[in-house]
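Following: one structure in C-alpha cells, then a few remarks.
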Amino acid sequence: MAPTELPPPLPSKKRRIGVMTSGGDAPGMNGAVRAVVRMSIAQNCEVYAIYEGYEGLVQGGDMIKEMGWDDVRGFLSEGGTLIGTARCKSFMERPGRLIAAKNMIVKGIDALIICGGDGSLTGADKFRKEWPGLLEELIQKQELTEEQVEPFKHLNIVGLVGSIDNDLSMTDATIGCYSSLGRICESVDYIDATAFSHQRAFVIEVMGRHCGWLALMAGVSCGADFVFLPENPPPLDWEDDMCKIIKKHRELGKRKTIVIVAEGAHDRYLKKISPAHVRDLLTNKLHLDTRITTLGHVQRGGTACAYDRMLSTLQGAEAVKAVLEATPETPSPVICMIENKIVRRPLLEAVKQTHEVAEAIAAKDFDRAMSLRDAEFAEYYQAYQITTAANQPQLLLPEEKRLRVGIIHVGAPAGGMNAATRAAVAYCLARGHTPVALHNGFPGLCRHHDDEPLGSVREVTWLDAESWASKGGSEIGTNRGLPSDDIETVAMCFAKYKIQALFIVGGFEAFTSVSELRKAREHYSAFKIPMVILPATVSNNVPGTEYSIGSDTCLNALIQYCDACRQSASSSRRRVFVIETQGGASGYIATIAGLSVGALAVYTPEEGINIKMLDRDIDHLRETFAKDKGQRNAGKIILRNEKASKTYTTEIIAGMIREEARGRFESRVGVPGHFQQGTTPSPMDRVRAARFGVKSLQHLEKFAGMSKDDIADDPMSAAVIGIKGAKVLFSAMEIVEKKETDWKDRRPKDEFWMGLKEIVDTLSGRSKFLK
C-alpha cells in the first residue's frame with residue numbers, strides 16, 4: 001500500500017491542536033470548544049474540531065475540520081455540544097486507535113484537548129501511551145513513512161472534565177455540574193410549591209450512579225428532609241430513621257416533605273434503594289400523600305449557567321497553555337478547579353482516584369469512598385446533616401458553652417443571605433445556642449428593638465427559618481446603616497438582649513460595621529464578643545475573600561439579560577448593545593459576565609475609559625461588522641461597569657458608536673439595574689451560603705466560655721470568612737482592614753480576577769486593537 005499523501009508541512013514552531021467533546025453532553029462544553037479554538041488562534045496555532053468525539057477521530061476525513069475564529073461565534077449561549085459526541089466501540093480496540101492515529105497525522109495534529117468524563121479521559125491517556133507503538137505499526141504496514149511520522153513522535157493530551165455528575169476526583173467542579181444542579185433546584189422549587197399547597201411528600205430521583213454530588217447539593221439547596229447518596233448509604237435502620245426525622249418535621253409544623261434519591265442509591269449491603277420503596281414507606285408508615293418525580297435528561301438540557309460558562313472558558317484557555325508548555329516527559333494533565341483556582345492535575349491520577357471511589361463502594365468501604373471525594377464534599381455532607389434534621393440530642397453542647405447569637409443583615413440584598421441565615425439558625429438550634437434575629441439591620445435594631453407587640457429583636461425557631469433556603473432577598477430585612485450612626489444604642493441593645501456572639505451577613509457596609517464594632521470594644525464592653533462576617537453582595541467587593549454570596553446569582557441574571565439583548569441584536573444583524581452592570585467601584589461582575597457572554601469589550605473602574613480606548617474599540621466593531629456578511633449570531637455586547645467613568649457614561653458610549661458607525665451598524669443601551677440582584681438564589685450561592693454559615697457558627701462557638709477581655713485580645717474574634725485561592729479560611733479583620741482594604745474605592749487592594757480581563761480581550765479579538 002502506498003503511503004498516504006500528507007498536506008504541506010506547517011511553518012516552524014506552529015502547532016496544530018485538535019479539540020473534541022466525548023461522553024455524555026454537558027452544558028458548558030461549547031464554551032470550552034470556543035475558548036480552545038480562539039486561544040489557539042491567538043497563540044498562532046491551527047485548531048481542528050473533531051466532530052462526534054472518538055467516532056470522528058476514527059472516521060477522519062470531513063469529521064476533522066479546521067476551525068476559524070468566527071466558526072465558534074455564539075457557542076457560549078448554546079447547550080449540549082455543537083461538535084457532537086457519540087459512543088465509539090471501534091476506538092476501544094487497538095485497530096480503531098491505529099486508524100485514529102493515522103487520521104491525526106494526515107491532518108497534521110499532534111495535540112489533543114478532550115472535554116469529557118473519566119471514561120473519555122482514560123481512553124485519551126491510553127491513546128497517548130500507545131502512540132509510539134501505533135506509529136511503528138503504521139510504518140511497518142507501509143501506511144505512512146518514517147519521514148511522515150517524524151514530526152509527530154510525541155502526542156500531547158490535555159483533559160477537560162465535562163460531566164454533570166461532578167464525579168471526577170481532584171476537582172471541586174466539572175463543566176456542566178452547576179447548570180445541571182440549577183435545573184434540579186428549579187424543578188424542586190416548582191415541586192415544593194405544590195407539595196406545600198397539598199401537604200404532600202415528593203420523592204425526587206436525580207442522576208448520579210457512583211457520585212451523590214447532585215443529590216447532596218440539591219438537598220442542601222432545597223432543604224430536603226432526607227437524601228440518599230451512593231458514597232454514604234444511610235444506617236441499617238434507615239427506614240425507621242427517615243420516618244422519624246420526617247415525622248418530627250411534620251410535628252414541628254412543616255407542611256411538605258422532599259426526599260432526594262441519587263439513581264445509584266443503595267443501602268449498606270448494596271441493595272438498591274428505589275424511589276418506589278421510599279414512596280411506599282412514606283405512604284404506609286406516615287400516611288403521607290406521596291408522589292415520585294424522576295427528572296431524567298432534563299438535568300442535562302438547557303444553556304450553561306454563568307459559572308459553567310466561566311469555568312469552561314478559563315479551562316479551555318488553560319488547556320491551550322498546557323499544550324504549548326508540555327514536553328515529551330510531561331504527564332497528561334487534566335485542568336481542574338479547586339475552590340476559586342484553576343490548577344493542573346495528573347490526568348491518570350485523577351481518573352485512578354475516581355475509579356477508586358466506585359471500587360470502595362463495591363467493597364462497602366464507605367468511609368474510604370467519602371474520603372476519596374474532596375474535602376468540600378464531606379463538609380457539605382456535615383452541613384446538611386446538622387442543618388436539616390431537627391432534634392439531634394447528641395449534638396447539644398453543655399449549658400455553659402451555649403451562646404445567644406445575634407444574626408443581622410447589612411447592606412443591599414444578595415441571593416443566599418437567607419440560605420446562610422437558615423443554616424446558622426439550624427446549627428444554633430442543633431448545638432443548643434439561641435439564634436436571635438436583629439431585623440432590618442442596625443437602624444432597625446436601634447429604632448425598633450423595644451416596639452410592642454413585636455420588636456426588631458426576635459428569637460428564631462426552626463420552623464421560622466426552615467423554608468428560607470430558596471428565598472431571595474432578606475427575610476429578616478437588611479439596611480445599609482452603620483453602627484456608628486448610633487453606637488451607644490447598639491451597645492445598649494447588645495447588653496440588654498444578652499448578645500454573646502454576632503453573625504453578620506452582607507457586603508462592604510457589613511465589613512465596615514464589623515470594623516467599627518471591633519474598634520469600639522475599647523469603649524463598649526458589649527462588643528467584646530466574637531464576630532464573623534459572611535460576605536454577601538452582588539458586587540463581590542468585600543476584602544478577605546474572592547467570592548461573596550450573591551455574586552453568582554447576579555451573574556446568572558446578568559447573562560440572561562445579555563443573552564436576550566444579543567438575540568435582539570443578532571436579529572437586527574448589525575447592532576451592538578452597551579450594557580451597564582452593577583458592581584460599585586469593582587469591575588468583577590462586568591469582567592466575569594464579559595467572559596461568560598463573550599463580550600466584545602468590558603470597561604471597569606480599575607482600568608477606566610479613555611478616548612483612545614473607545615476609538616480602538618469602534619475600529620474593532622467596524623472590522624467585525626465588515627466581515628460579518630450575513631453570518632448568524634452577529635449581535636455584539638459591550639459591558640460597562642456603572643462607575644467605570646464619570647465622563648463616558650453608557651449613553652455617551654452608545655452615542656459615540658452610533659455616530660462613528662455612519663449607518664453601517666447601530667447601537668442600543670441596556671440598563672438591567674436591580675434585575676441583577678436576581679430573584680431565586682443560584683444553587684452555588686445557596687450551597688456556599690449553607691457551608692459558610694455552618695463554618696462561621698463553628699468559629700464563633702470556639703470563644704464560648706472565654707472572658708470578654710480574652711475575646712477582645714484575640715485577633716480572630718473579629719473575622720471574615722472567605723475563599724482565598726484554593727482554600728476557605730478565616731482572616732482577622734484587623735489585618736484585612738489595614739493591609740488588604742482599599743477604603744476609598746470600597747474594594748480589596750488585590751483583586752484576584754484582574755488577570756482574567758486579558759482572557760476576555762483575547763477571546764473577543766480585542767487584544768490586537770489594544771496594541
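The chains in the C-alpha cells are called A, B, ... from first to last as shown; in each chain the residues are counted from 1, and the ligands are counted from 1 in the order shown.
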task = Within stretch 89-316 of chain A, find each residue whose DSSP state, derived from the backbone, is alpha helix (DSSP H), and express the selection as an MDAnalysis selection string.
result = chainID A and resid 94:107 118:140 146:149 177:198 213:222 238:251 275:286 306:316
request  = Mind checking which residues fall within 12 Å of A:Glu488, counting only C-alpha atoms, ignoring those fewer than 2 positions away in the same chain, and posting them as a list in words?
outcome  = Phe442, Leu445, Cys446, Pro483, Ser484, Asp485, Asp486, Val490, Ala491, Met492, Cys493, Phe494, Ala495, Leu517, Ala520, Arg521, His523, Tyr524, Ser525, Ala526 and Phe527 of chain A
key: Residue nearest A:Asp685 among A:Pro535, A:Arg668, A:Thr313, A:Lys724 (counting only C-alpha atoms)   =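 With only C-alpha atoms as the atom set, the closest residue is A:Pro535.
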request  = May I ask for the distance between atom CA of A:Val261 and atom CA of A:Thr421, given in Å to one decimal place?
outcome  = 25.9 Å
task = Based on DSSP run over this structure's backbone, return all residues of stretch 517-717 of chain A in strand (DSSP E or B), as a ChimeraX atom specification.
result = /A:531-536,549,575-581,601-603,636-641,666-670
key: Option closest in space to A:Tyr381, from A:Glu231, A:Glu55, A:Asp172, A:Glu143 [counting only C-alpha atoms]   = A:Glu231
ask   = Counting only C-alpha atoms, which of A:Ser169, A:Gln59, A:Thr354, A:Thr21 gets nearest to A:Ser120?
value =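 Going through A:Ser169, A:Gln59, A:Thr354, A:Thr21 one by one, the smallest distance to A:Ser120 is for A:Thr21.
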message = Using only C-alpha atoms, can you tell me which of A:His448, A:Arg309, A:Arg766, A:Arg688 comes closest to A:Leu614?
response = A:Arg766
